[in-house]
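Read through the structure below, which is laid out as structure tokens, and then see the notes.
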There are 2 protein chains.
Amino acid sequence: MSSEPKKRVLIIEDDPEIRSSFAMIVDSSQKFTVVNSYGNCEDAIKHLHTDKPDIVLMDVELPGGMNGIQGTKIIKEKSPNSDIIMVTVYEDSEMVYEALKSGASGYITKSANYMELLTALEEITKGGAPMSSKIARMVIDNFHLNPNSPLTKRETEILQLIAEGKTYTQISEELFISKETSKTHIKNIYSKLQVRSKSEAIAKANQDKLI
Amino acid sequence: MSSEPKKRVLIIEDDPEIRSSFAMIVDSSQKFTVVNSYGNCEDAIKHLHTDKPDIVLMDVELPGGMNGIQGTKIIKEKSPNSDIIMVTVYEDSEMVYEALKSGASGYITKSANYMELLTALEEITKGGAPMSSKIARMVIDNFHLNPNSPLTKRETEILQLIAEGKTYTQISEELFISKETSKTHIKNIYSKLQVRSKSEAIAKANQDKLI
DNA sequence: CCAATATCACCTAATTAGAGTCATTTTTCG
DNA sequence: CGAAAAATGACTCTAATTAGGTGATATTGG
């Protein structure tokens with residue numbers, strides 16, 4: 001058990017109090033150690049190759065040029081095997097999605113106490129994705145398709161093919177219908193979605209979760 | 001405390017043993033009660049209006065015409081306020097995504113024991129999304145953008161506008177560049193992604209998580 | 001400084017896509 | 001069953017996009 005090397009944790013957080021509070025909690029554990037902590041992303045990125053963090057605790061709201069989302073992107077480029085946990089006061093849905101897209105694998109709030117923080121570190125070490133119930137639900141809800149789509153089954157099928165980049169001709173070949181029929185369906189789709197091009201239809205479909 | 005009405009749980013599961021085992025666990029709780037259990041979706045849907053479930057435990061692999069994913073879609077149409085928890089033996093990523101898209105708000109395995117099942121019911125009642133660490137990570141990973149995109153910042157920016165359904169003209173207006181420049185960028189994007197149309201570019205972008 | 005990026009322009013030709021209107025057959029659902 | 005919805009198909013015409021170039025200048029990042 002003692003042979004397990006401690007996981008290297010990097011902290012990026014501008015508030016010195018939170019920084020040292022988090023550092024103390026992390027260092028109190030047998031399984032984790034703080035390799036470094038910075039008040040901004042730029043400094044952290046400079047020393048990434050020597051810090052070699054297994055886990056990064058990243059504040060979203062950061063002073064200076066780079067916020068936590070941009071920083072996460074860069075750290076993920078330079079150190080793909082580092083797992084990043086976003087730390088924030090906000091649970092705004094757009095920010096959560098942007099953070100996750102940028103490469104974060106967990107999302108906890110700054111109000112996290114001793115247990116919550118260590119549990120998150122444990123979770124991510126085990127290959128999980130620590131997040132609050134609320135965040136988990138937001139993420140899941142983001143998957144849900146609209147059960148009240150105005151489109152018919154066939155139209156949805158065709159919209160899917162459009163979203164795969166297929167042309168009229170390819171769609172008609174794939175569905176064994178004439179090109180004219182594809183065009184009719186697509187015209188009806190456009191009219192229902194109030195759009196006037198394939199790309200717009202795809203955008204609307206994603207927005208309204210139709211496919 | 002005693003005034004809280006019990007949450008109505010519906011079980012859809014073809015294996016009679018699992019069905020009764022789950023039913024016993026649910027009924028053992030003060031907070032939940034099994035309103036009914038069925039071996040297939042068709043029967044469950046017929047009695048939805050009288051069963052009025054708050055929570056549905058839905059088996060993915062079901063005999064007969066309708067599987068759990070199709071069933072979830074229909075139940076969500078007819079009873080949008082019912083929360084659906086998927087129950088399965090598999091943790092295949094495509095199946096998980098399909099289940100979530102169809103409207104499930106949780107995902108647990110059939111090996112779930114007493115505690116796990118009740119915890120999942122509690123979680124979903126509180127507005128959370130019960131799922132295993134592994135599933136949570138799969139879901140999060142699905143968000144992650146490719147940090148090694150072949151596109152430049154500007155190209156990515158333009159690809160985003162394409163994905164929003166914008167035309168050449170709109171893109172050039174929005175970015176304060178000439179239409180010819182938009183075309184040049186888009187030509188370069190097509191060449192890098194090896195596609196030949198906007199829709200194909202969007203499809204490729206989603207596939208490779210470029211935007 | 002050099003390479004990559006971003007910007008702009010002009011060319012020809014072919015293909016695809018979009019808008020409008022109409023008609024027939026099949027399915028679905030009350 | 002019968003009406004409505006859905007799916008199929010065809011025609012015309014115009015607009016937009018794509019394919020293939022070629023070449024140039026300004027800016028930026030390492």
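A note on labels: chains of the structure tokens are A, B, ... as shown, every chain counts residues from 1, and ligands are counted from 1 in their shown order.
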
Shell of 12 Å around DT15 in chain C, only C-alpha atoms (C1' of nucleotides), local chain residues under 4 positions omitted, as a count of residues only: 9

Using only C-alpha atoms (C1' of nucleotides) and a cut-off of 12 Å, which residues of chain A sit close to chain C? Please list them as a ChimeraX atom specification. /A:166-170,182-184,186-188,190-191,195-199

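Pairwise distance (CA of Lys204 in chain A, CA of Leu161 in chain A) equals 14.7 Å.
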
Residues of chain A at most 9 Å from chain B: nearest atom pair and distance in Å, only C-alpha atoms, as a Markdown table:
| residue | atom | partner | partner_atom | distance |
| --- | --- | --- | --- | --- |
| A:Lys73 | CA | B:Pro147 | CA | 6.7 |
| A:Ile74 | CA | B:Pro147 | CA | 8.0 |
| A:Lys76 | CA | B:Pro147 | CA | 6.7 |
| A:Glu77 | CA | B:Pro147 | CA | 5.4 |
| A:Pro80 | CA | B:Pro147 | CA | 8.6 |
| A:Tyr97 | CA | B:Phe143 | CA | 7.6 |
| A:Glu98 | CA | B:Phe143 | CA | 8.9 |
| A:Ala99 | CA | B:His144 | CA | 9.0 |
| A:Leu100 | CA | B:Phe143 | CA | 5.9 |
| A:Lys101 | CA | B:His144 | CA | 4.2 |
| A:Ser102 | CA | B:Leu145 | CA | 6.1 |
| A:Gly103 | CA | B:His144 | CA | 5.1 |
| A:Ala104 | CA | B:His144 | CA | 7.7 |
| A:Ser105 | CA | B:Ile140 | CA | 6.3 |
| A:Gly106 | CA | B:Ile140 | CA | 8.1 |
| A:Glu123 | CA | B:Ser133 | CA | 7.4 |
| A:Ile124 | CA | B:Ser133 | CA | 8.7 |
| A:Lys126 | CA | B:Ser133 | CA | 8.1 |
| A:Gly127 | CA | B:Lys134 | CA | 6.8 |
| A:Gly128 | CA | B:Ser133 | CA | 4.3 |
| A:Ala129 | CA | B:Arg137 | CA | 4.9 |
| A:Pro130 | CA | B:Ser133 | CA | 8.0 |
| A:Met131 | CA | B:Ala136 | CA | 9.0 |
| A:Ser132 | CA | B:Gly128 | CA | 8.1 |
| A:Ser133 | CA | B:Gly128 | CA | 4.3 |
| A:Lys134 | CA | B:Gly128 | CA | 5.6 |
| A:Ile135 | CA | B:Gly128 | CA | 8.0 |
| A:Ala136 | CA | B:Ala129 | CA | 5.6 |
| A:Arg137 | CA | B:Ala129 | CA | 4.9 |
| A:Met138 | CA | B:Gly128 | CA | 8.6 |
| A:Val139 | CA | B:Val139 | CA | 7.9 |
| A:Ile140 | CA | B:Ser105 | CA | 6.3 |
| A:Asp141 | CA | B:Ser105 | CA | 7.3 |
| A:Asn142 | CA | B:Lys101 | CA | 8.5 |
| A:Phe143 | CA | B:Lys101 | CA | 5.0 |
| A:His144 | CA | B:Lys101 | CA | 4.2 |
| A:Leu145 | CA | B:Lys101 | CA | 5.2 |
| A:Asn146 | CA | B:Gly103 | CA | 8.6 |
| A:Pro147 | CA | B:Glu77 | CA | 5.4 |
| A:Asn148 | CA | B:Glu77 | CA | 6.9 |
| A:Ile162 | CA | B:Ser199 | CA | 6.9 |
| A:Ala163 | CA | B:Ala203 | CA | 6.0 |
| A:Glu164 | CA | B:Ala203 | CA | 5.1 |
| A:Gly165 | CA | B:Glu200 | CA | 3.7 |
| A:Lys166 | CA | B:Glu200 | CA | 7.0 |
| A:Thr167 | CA | B:Ser199 | CA | 8.7 |
| A:Ser197 | CA | B:Gly165 | CA | 7.4 |
| A:Lys198 | CA | B:Ser199 | CA | 6.7 |
| A:Ser199 | CA | B:Gly165 | CA | 4.3 |
| A:Glu200 | CA | B:Gly165 | CA | 3.8 |
| A:Ala201 | CA | B:Gly165 | CA | 7.3 |
| A:Ile202 | CA | B:Gly165 | CA | 7.4 |
| A:Ala203 | CA | B:Glu164 | CA | 5.1 |
| A:Lys204 | CA | B:Glu164 | CA | 8.1 |
| A:Lys209 | CA | B:Lys101 | CA | 8.9 |
| A:Ile211 | CA | B:Lys101 | CA | 8.8 |

Considering only C-alpha atoms (C1' of nucleotides), extract the chain A residues located within 9 Å of chain D and return them as a list in words.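 Listing them in order of chain and number gives Thr152, Arg154, Ile177, Ser178, Lys179, Glu180, Thr181, Thr184 and His185 of chain A.
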
Create the file for the chosen residues now, containing N, CA and C atoms and written as an mmCIF file, in the first residue's frame.
data_model
loop_
_atom_site.group_PDB
_atom_site.id
_atom_site.type_symbol
_atom_site.label_atom_id
_atom_site.label_comp_id
_atom_site.auth_asym_id
_atom_site.auth_seq_id
_atom_site.Cartn_x
_atom_site.Cartn_y
_atom_site.Cartn_z
ATOM 1 N N THR A 152 -41.857 14.287 -39.016
ATOM 2 C CA THR A 152 -42.278 12.891 -39.064
ATOM 3 C C THR A 152 -41.051 11.989 -38.970
ATOM 4 N N ARG A 154 -39.918 9.872 -41.139
ATOM 5 C CA ARG A 154 -39.159 9.914 -42.385
ATOM 6 C C ARG A 154 -38.361 11.196 -42.485
ATOM 7 N N ILE A 177 -35.334 6.034 -52.718
ATOM 8 C CA ILE A 177 -36.409 6.898 -53.202
ATOM 9 C C ILE A 177 -35.826 7.803 -54.291
ATOM 10 N N SER A 178 -36.680 8.455 -55.043
ATOM 11 C CA SER A 178 -36.161 9.319 -56.111
ATOM 12 C C SER A 178 -35.586 10.594 -55.519
ATOM 13 N N LYS A 179 -34.741 11.237 -56.305
ATOM 14 C CA LYS A 179 -34.132 12.482 -55.867
ATOM 15 C C LYS A 179 -35.216 13.526 -55.589
ATOM 16 N N GLU A 180 -36.234 13.501 -56.413
ATOM 17 C CA GLU A 180 -37.325 14.467 -56.245
ATOM 18 C C GLU A 180 -38.032 14.288 -54.902
ATOM 19 N N THR A 181 -38.158 13.063 -54.485
ATOM 20 C CA THR A 181 -38.810 12.796 -53.191
ATOM 21 C C THR A 181 -37.964 13.338 -52.042
ATOM 22 N N THR A 184 -38.547 16.958 -51.919
ATOM 23 C CA THR A 184 -39.854 17.287 -51.322
ATOM 24 C C THR A 184 -39.783 17.195 -49.804
ATOM 25 N N HIS A 185 -39.229 16.100 -49.296
ATOM 26 C CA HIS A 185 -39.116 15.941 -47.841
ATOM 27 C C HIS A 185 -38.319 17.095 -47.247
#

Tell me, as a ChimeraX atom specification, which residues lie within 10 Å of Pro5 in chain A, counting only C-alpha atoms (C1' of nucleotides); anything in the same chain fewer than 4 positions away does not count. /A:1,30-33

Quick check for you: according to DSSP on this backbone, which residues of chain B are classed as alpha helix (DSSP H)? Reply as an NGL selection string. :B and (16-28 or 41-46 or 48-51 or 68-78 or 93-102 or 114-125 or 133-141 or 153-163 or 168-175 or 179-193 or 198-207)

Residue set, chain A restricted to strand (DSSP E), as a ChimeraX atom specification: /A:7-12,32-38,55-59,83-88,106-109
